[in-house]
file structure-v3.pdb (PDB, C-alpha atoms, pLDDT in the B column)
ATOM      1  CA  ALA A  19     -30.631  16.705 -22.889  1.00 45.00           C
ATOM      2  CA  ASN A  20     -26.912  16.116 -22.926  1.00 50.00           C
ATOM      3  CA  MET A  21     -24.087  18.126 -24.386  1.00 54.00           C
ATOM      4  CA  ILE A  22     -22.154  15.726 -26.612  1.00 59.00           C
ATOM      5  CA  GLY A  23     -24.747  13.053 -27.205  1.00 70.00           C
ATOM      6  CA  TRP A  24     -25.176   9.484 -26.133  1.00 71.00           C
ATOM      7  CA  PHE A  25     -23.366   7.813 -29.041  1.00 79.00           C
ATOM      8  CA  ILE A  26     -20.308  10.050 -28.878  1.00 84.00           C
ATOM      9  CA  SER A  27     -20.191   9.800 -25.078  1.00 80.00           C
ATOM     10  CA  LYS A  28     -20.510   6.008 -25.244  1.00 79.00           C
ATOM     11  CA  THR A  29     -17.726   5.741 -27.811  1.00 86.00           C
ATOM     12  CA  ILE A  30     -15.415   8.064 -25.882  1.00 89.00           C
ATOM     13  CA  GLY A  31     -16.323   6.288 -22.638  1.00 86.00           C
ATOM     14  CA  ASP A  32     -15.477   2.896 -24.124  1.00 88.00           C
ATOM     15  CA  VAL A  33     -12.124   4.091 -25.431  1.00 91.00           C
ATOM     16  CA  ILE A  34     -11.264   5.849 -22.173  1.00 94.00           C
ATOM     17  CA  GLY A  35     -12.796   3.234 -19.865  1.00 95.00           C
ATOM     18  CA  PHE A  36     -11.783   0.022 -21.642  1.00 96.00           C
ATOM     19  CA  ALA A  37      -9.200   0.422 -24.401  1.00 94.00           C
ATOM     20  CA  TYR A  38      -6.734   2.738 -22.666  1.00 94.00           C
ATOM     21  CA  PRO A  39      -6.805   0.864 -19.326  1.00 96.00           C
ATOM     22  CA  ALA A  40      -6.474  -2.456 -21.158  1.00 96.00           C
ATOM     23  CA  TYR A  41      -3.319  -1.229 -22.875  1.00 97.00           C
ATOM     24  CA  ARG A  42      -1.968   0.242 -19.620  1.00 96.00           C
ATOM     25  CA  SER A  43      -2.679  -3.112 -17.941  1.00 97.00           C
ATOM     26  CA  PHE A  44      -0.670  -4.842 -20.641  1.00 97.00           C
ATOM     27  CA  LYS A  45       2.188  -2.402 -20.017  1.00 97.00           C
ATOM     28  CA  ALA A  46       1.903  -2.976 -16.264  1.00 96.00           C
ATOM     29  CA  LEU A  47       2.202  -6.731 -16.720  1.00 97.00           C
ATOM     30  CA  GLU A  48       5.319  -6.162 -18.823  1.00 97.00           C
ATOM     31  CA  SER A  49       6.979  -3.965 -16.194  1.00 97.00           C
ATOM     32  CA  PRO A  50       8.876  -5.361 -13.198  1.00 97.00           C
ATOM     33  CA  GLU A  51       7.195  -3.018 -10.676  1.00 95.00           C
ATOM     34  CA  PRO A  52       4.182  -4.454  -8.812  1.00 95.00           C
ATOM     35  CA  GLU A  53       2.679  -1.016  -8.062  1.00 94.00           C
ATOM     36  CA  ASP A  54       1.261  -0.527 -11.544  1.00 94.00           C
ATOM     37  CA  ASP A  55      -0.223  -4.039 -11.455  1.00 96.00           C
ATOM     38  CA  VAL A  56      -2.048  -3.136  -8.246  1.00 95.00           C
ATOM     39  CA  GLN A  57      -3.199   0.177  -9.720  1.00 95.00           C
ATOM     40  CA  TRP A  58      -4.759  -1.431 -12.780  1.00 97.00           C
ATOM     41  CA  LEU A  59      -6.243  -4.435 -10.948  1.00 97.00           C
ATOM     42  CA  THR A  60      -7.882  -1.993  -8.550  1.00 97.00           C
ATOM     43  CA  TYR A  61      -9.191   0.069 -11.462  1.00 97.00           C
ATOM     44  CA  TRP A  62     -10.719  -3.024 -13.108  1.00 98.00           C
ATOM     45  CA  ILE A  63     -12.461  -4.086  -9.883  1.00 98.00           C
ATOM     46  CA  VAL A  64     -14.028  -0.643  -9.377  1.00 98.00           C
ATOM     47  CA  PHE A  65     -14.849  -0.179 -13.057  1.00 97.00           C
ATOM     48  CA  ALA A  66     -16.440  -3.645 -13.308  1.00 96.00           C
ATOM     49  CA  LEU A  67     -18.647  -3.064 -10.275  1.00 95.00           C
ATOM     50  CA  LEU A  68     -19.745   0.318 -11.609  1.00 92.00           C
ATOM     51  CA  ASN A  69     -20.573  -1.256 -14.979  1.00 90.00           C
ATOM     52  CA  VAL A  70     -22.618  -3.980 -13.300  1.00 92.00           C
ATOM     53  CA  ALA A  71     -24.503  -1.397 -11.215  1.00 90.00           C
ATOM     54  CA  GLU A  72     -24.971   1.165 -13.988  1.00 86.00           C
ATOM     55  CA  PRO A  73     -27.980  -0.359 -15.777  1.00 85.00           C
ATOM     56  CA  TYR A  74     -29.919  -0.272 -12.506  1.00 86.00           C
ATOM     57  CA  GLY A  75     -29.079   3.324 -11.613  1.00 83.00           C
ATOM     58  CA  ASP A  76     -28.843   4.653 -15.150  1.00 76.00           C
ATOM     59  CA  THR A  77     -32.578   5.124 -15.627  1.00 79.00           C
ATOM     60  CA  LEU A  78     -32.776   7.010 -12.332  1.00 81.00           C
ATOM     61  CA  ILE A  79     -29.923   9.434 -12.958  1.00 81.00           C
ATOM     62  CA  SER A  80     -29.450   9.672 -16.741  1.00 74.00           C
ATOM     63  CA  TRP A  81     -31.856  12.628 -16.834  1.00 79.00           C
ATOM     64  CA  ILE A  82     -29.319  14.757 -14.941  1.00 82.00           C
ATOM     65  CA  PRO A  83     -27.885  17.451 -17.223  1.00 81.00           C
ATOM     66  CA  PHE A  84     -24.404  16.533 -18.437  1.00 80.00           C
ATOM     67  CA  TYR A  85     -24.807  12.984 -17.063  1.00 80.00           C
ATOM     68  CA  TYR A  86     -22.581  11.442 -19.735  1.00 80.00           C
ATOM     69  CA  GLU A  87     -19.946  14.133 -19.356  1.00 82.00           C
ATOM     70  CA  ILE A  88     -19.934  13.579 -15.584  1.00 86.00           C
ATOM     71  CA  LYS A  89     -19.603   9.842 -16.206  1.00 86.00           C
ATOM     72  CA  LEU A  90     -16.564  10.447 -18.420  1.00 89.00           C
ATOM     73  CA  GLY A  91     -15.081  12.597 -15.666  1.00 93.00           C
ATOM     74  CA  LEU A  92     -15.651   9.781 -13.170  1.00 94.00           C
ATOM     75  CA  ILE A  93     -13.864   7.311 -15.444  1.00 94.00           C
ATOM     76  CA  LEU A  94     -10.894   9.679 -15.683  1.00 94.00           C
ATOM     77  CA  TYR A  95     -10.923  10.138 -11.901  1.00 97.00           C
ATOM     78  CA  LEU A  96     -10.811   6.360 -11.462  1.00 96.00           C
ATOM     79  CA  MET A  97      -7.965   5.657 -13.819  1.00 93.00           C
ATOM     80  CA  LEU A  98      -5.571   8.592 -13.703  1.00 92.00           C
ATOM     81  CA  PRO A  99      -2.724   7.974 -11.243  1.00 86.00           C
ATOM     82  CA  ARG A 100      -2.780  11.670 -10.354  1.00 93.00           C
ATOM     83  CA  PHE A 101      -6.149  11.274  -8.621  1.00 95.00           C
ATOM     84  CA  GLU A 102      -5.983   7.624  -7.503  1.00 94.00           C
ATOM     85  CA  GLY A 103      -9.785   7.538  -7.590  1.00 97.00           C
ATOM     86  CA  ALA A 104     -10.077   3.779  -8.021  1.00 97.00           C
ATOM     87  CA  LYS A 105      -7.700   3.256  -5.119  1.00 97.00           C
ATOM     88  CA  TYR A 106      -9.752   5.577  -2.891  1.00 98.00           C
ATOM     89  CA  ILE A 107     -13.126   4.026  -3.783  1.00 98.00           C
ATOM     90  CA  PHE A 108     -11.750   0.505  -3.433  1.00 98.00           C
ATOM     91  CA  LYS A 109     -10.057   1.172  -0.095  1.00 98.00           C
ATOM     92  CA  HIS A 110     -12.948   3.045   1.535  1.00 98.00           C
ATOM     93  CA  PHE A 111     -16.023   1.327   0.084  1.00 97.00           C
ATOM     94  CA  ILE A 112     -15.478  -1.856  -1.907  1.00 97.00           C
ATOM     95  CA  HIS A 113     -12.717  -3.583   0.071  1.00 98.00           C
ATOM     96  CA  PRO A 114     -14.449  -3.297   3.476  1.00 98.00           C
ATOM     97  CA  HIS A 115     -17.702  -4.592   1.984  1.00 97.00           C
ATOM     98  CA  LEU A 116     -16.015  -7.508   0.215  1.00 97.00           C
ATOM     99  CA  LYS A 117     -14.002  -8.455   3.329  1.00 98.00           C
ATOM    100  CA  ARG A 118     -17.140  -8.372   5.480  1.00 98.00           C
ATOM    101  CA  HIS A 119     -19.006 -10.681   3.082  1.00 98.00           C
ATOM    102  CA  GLU A 120     -16.071 -12.666   1.657  1.00 97.00           C
ATOM    103  CA  ASP A 121     -17.071 -16.050   3.128  1.00 97.00           C
ATOM    104  CA  LYS A 122     -20.662 -15.708   1.920  1.00 97.00           C
ATOM    105  CA  ILE A 123     -19.545 -14.630  -1.572  1.00 97.00           C
ATOM    106  CA  ASP A 124     -17.059 -17.509  -1.755  1.00 97.00           C
ATOM    107  CA  GLY A 125     -19.795 -19.952  -0.734  1.00 97.00           C
ATOM    108  CA  HIS A 126     -22.163 -18.672  -3.423  1.00 96.00           C
ATOM    109  CA  LEU A 127     -19.431 -18.814  -6.064  1.00 96.00           C
ATOM    110  CA  ASP A 128     -18.477 -22.360  -5.026  1.00 94.00           C
ATOM    111  CA  ASP A 129     -22.148 -23.408  -5.268  1.00 94.00           C
ATOM    112  CA  LEU A 130     -22.463 -21.770  -8.660  1.00 94.00           C
ATOM    113  CA  GLY A 131     -19.298 -23.491  -9.872  1.00 91.00           C
ATOM    114  CA  SER A 132     -20.568 -26.870  -8.670  1.00 91.00           C
ATOM    115  CA  LYS A 133     -23.967 -26.405 -10.318  1.00 90.00           C
ATOM    116  CA  THR A 134     -22.328 -25.283 -13.546  1.00 89.00           C
ATOM    117  CA  THR A 135     -20.021 -28.295 -13.556  1.00 88.00           C
ATOM    118  CA  GLU A 136     -22.959 -30.642 -12.895  1.00 88.00           C
ATOM    119  CA  THR A 137     -24.949 -29.075 -15.718  1.00 87.00           C
ATOM    120  CA  LEU A 138     -22.127 -29.375 -18.213  1.00 84.00           C
TER
END
call {"tool": "encode", "arguments": {"input": "structure-v3.pdb", "output": "structure tokens"}}
result
Amino acid sequence: ANMIGWFISKTIGDVIGFAYPAYRSFKALESPEPEDDVQWLTYWIVFALLNVAEPYGDTLISWIPFYYEIKLGLILYLMLPRFEGAKYIFKHFIHPHLKRHEDKIDGHLDDLGSKTTETL
């Protein structure tokens, strides 16, 4: 059903999606320029949200031919500075949604933090 197989795609996806950006984030923190910090923080926000959403959409779209290869392409689009994909998705989709619901999200997180503290 897919060209390079689930296991190979998963391994490549983890290296490309997690390991390389983690190292680049380390390098960004070591550099004096704030632009690379913003680039990698933005990547991690977009990548995290996609990873949270993936299990729900995965069963609906994983049957698409070359799904895993397309997913790898999306990861590259998100992280490569040449494309600024994470910046685009964050600016046009995620940021407006988070700003619109920021107070509600903060309230839920505060409640969760209080309940967690009470439980512990």
call {"tool": "resolve_selection", "arguments": {"input": "structure-v3.pdb", "expression": "the PyMOL selection byres ((chain A and resi 94) around 12)", "output": "PyMOL selection string"}}
result
chain A and resi 30-36+38-39+61+65+87-93+95-104
call {"tool": "atom_distance", "arguments": {"input": "structure-v3.pdb", "atom1": "CA of Gln57 in chain A", "atom2": "CA of Arg42 in chain A"}}
result
10.0 Å
call {"tool": "residues_around", "arguments": {"input": "structure-v3.pdb", "residues": "Thr60 in chain A", "least_positions_apart": "4", "cutoff": "8 Å", "atoms": "all atoms listed in the file", "output": "MDAnalysis selection string"}}
result
chainID A and resid 56 64 104:105 108
call {"tool": "atom_distance", "arguments": {"input": "structure-v3.pdb", "atom1": "CA of Phe111 in chain A", "atom2": "CA of Ile63 in chain A"}}
result
11.9 Å
call {"tool": "atom_distance", "arguments": {"input": "structure-v3.pdb", "atom1": "CA of Ile112 in chain A", "atom2": "CA of Gly75 in chain A"}}
result
17.5 Å
call {"tool": "resolve_selection", "arguments": {"input": "structure-v3.pdb", "expression": "the PyMOL selection byres ((chain A and resi 24) around 12)", "output": "list in words"}}
result
Ala19, Asn20, Met21, Ile22, Gly23, Phe25, Ile26, Ser27, Lys28, Thr29, Ile30, Gly31, Asp32, Ser80, Trp81, Phe84, Tyr85, Tyr86, Glu87, Lys89 and Leu90 of chain A
call {"tool": "axis_aligned_box", "arguments": {"input": "structure-v3.pdb", "around": "range 118-137 of chain A", "padding_each_side": "5 Å", "output": "lines of an AutoDock Vina configuration file"}}
result
center_x = -20.5
center_y = -19.5
center_z = -5.1
size_x = 18.9
size_y = 32.3
size_z = 31.2
